[in-house]
Amino acid sequence: MHADAGRLRRRRILLLNRKLSAVSPATFNTEPTAAELCHDRAYRAAPEFATAPEITIETEAGRVLHRARLTGPIFRLGTAADNDLQLEASDLQPRHLALLWLTQGVYYVMLPSESRSQADADLKSGWCPADRALKLGSLRLRVHGSRDVPSGETPLSSSAAITALAPQLEIRFLNSSGAQPPWKITRPVTLIGRNAACRIRLDQSQMPSVLAALIRDARGLWLVNFDDAERVTVNGRTVRSVQLDLGDVVEFNGFRGQIEARAEWTAPDVPAEANQDLESLLQQFADQQQRLLAAQQETLNRLSSLAAHPTAGAEVRQVLAEIQTQFDVAKVEMGRRKREV
């Protein structure tokens with residue numbers, strides 16, 4: 001009896017190894033842009049992100065096929081070439097799983113098969129356990145270094161802590177018919193797509209089950225892209241993950257929205273005798289900003305000369321475009337402040 005069980009177990013492992021022989025080594029196929037690397041570094045600046053969790057892809061028997069570390073708010077796995085980690089296996093989907101690195105821990109979203117009804121398909125999600133692996137078809141995914149989170153706590157639900165953050169952020173869709181109120185961002189993670197589990201549901205036949213997500217914490221607001229790069233843009237530029245600012249225009253497969261803040265808080269009272277000192281400080285700040293902009297303009301001119309050189313690569317020109325945009329925004333803001341002073 002025991003011998004038969006042993007033979008069955010060895011046969012099962014042999015069949016599994018034959019199945020995995022068709023699986024090529026897991027490979028990275030997308031290199032983050034310089035701008036995305038900057039956003040990832042900003043995301044990891046908090047103490048909670050001091051140690052990046054490691055993930056391993058393993059066989060059912062426990063053999064490690066690949067190791068990787070999380071570097072930003074999202075890590076995507078599947079058979080498509082534009083995943084952060086591509087896994088060539090017949091029982092996986094093009095975009096099979098997304099990992100979200102949050103302040104509490106690592107949260108996974110198992111994406112429904114696009115062959116099923118996207119609106120009604122079950123969306124499996126949860127905190128990555130520190131003591132066991134997640135099943136990915138014939139493979140296993142294990143997260144090392146992630147904290148255990150109480151099972152009843154989910155980032156997809158409205159949070160009093162997020163609601164209390166200032167400014168109170170919301171997204172207003174620009175191409176909606178009628179006077180539709182803006183969506184208040186009151187969850188640590190707000191899913192966007194066609195699936196019923198998405199807080200922001202966009203009803204469109206070409207809309208993926210889960211297209212993107214907004215991540216909100218005390219440091220700010222981030223947008224992460226679950227799907228193809230072309231379907232999610234910020235101010236006209238495709239993104240994988242990016243930190244959002246007030247006024248940014250985001251587009252989700254044709255649905256355009258703008259990030260806004262609810263002006264419901266009041267400014268603190270300033271004593272009358274402090275008004276003169278306040279005006280003096282504001283003028284001093286404006287002068288300092290003007291000198292800083294002048295110095296940045298000089299540096300920007302030098303960068304433009306470098307980018308115009310025939311040997312300059314596309315990445316240099318892209319970084320320059322990002323810096324130019326930020327500089328232009330800073331100049332507009334500086335002009336507004338000068339008028340106020």
# chains A, B, ... in the order shown; residues from 1 in each chain; ligands from 1
$ residues_around --residues "Ala98 in chain A" --least-positions-apart "4" --cutoff "10 Å" --atoms "only C-alpha atoms" --output "PyMOL selection string"
chain A and resi 74-78+83-84+107-111+125+225-227
$ select_by_dssp --residues "range 26-266 of chain A" --states "helix (DSSP H, G or I)" --output "PyMOL selection string"
chain A and resi 34-43+47-49+160-163+229-231
$ write_last_selection --atoms "C-alpha atoms" --output "CSV table (one decimal), in the first residue's frame"
chain,number,residue,atom,x,y,z
A,34,ALA,CA,13.6,57.2,-15.7
A,35,ALA,CA,10.4,58.9,-14.6
A,36,GLU,CA,8.9,55.7,-13.3
A,37,LEU,CA,12.1,55.0,-11.4
A,38,CYS,CA,11.9,58.4,-9.8
A,39,HIS,CA,8.3,57.7,-8.8
A,40,ASP,CA,9.2,54.3,-7.4
A,41,ARG,CA,12.0,55.8,-5.3
A,42,ALA,CA,9.5,58.4,-4.0
A,43,TYR,CA,7.0,55.7,-3.2
A,47,PRO,CA,10.0,53.9,6.7
A,48,GLU,CA,7.4,51.2,6.0
A,49,PHE,CA,9.2,50.5,2.7
A,160,ALA,CA,-11.9,56.4,8.3
A,161,ALA,CA,-8.1,57.1,8.3
A,162,ILE,CA,-8.1,57.9,4.6
A,163,THR,CA,-11.3,59.9,4.8
A,229,ALA,CA,0.2,50.9,-21.3
A,230,GLU,CA,-1.8,52.6,-24.0
A,231,ARG,CA,-5.1,52.3,-22.0
$ residues_around --residues "range 209-214 of chain A" --least-positions-apart "4" --cutoff "9 Å" --atoms "only C-alpha atoms" --output "VMD selection string"
chain A and resid 111 to 114 117 to 119 121 123 185 187 to 198 221 to 228 231 to 232 252 to 253
$ residues_around --residues "range 138-151 of chain A" --least-positions-apart "4" --cutoff "10 Å" --atoms "only C-alpha atoms" --output "PyMOL selection string"
chain A and resi 16+19-20+51-70+87+89-92+99+101+103-107+126-134
$ atom_distance --atom1 "CA of Ala330 in chain A" --atom2 "CA of Leu244 in chain A"
15.5 Å
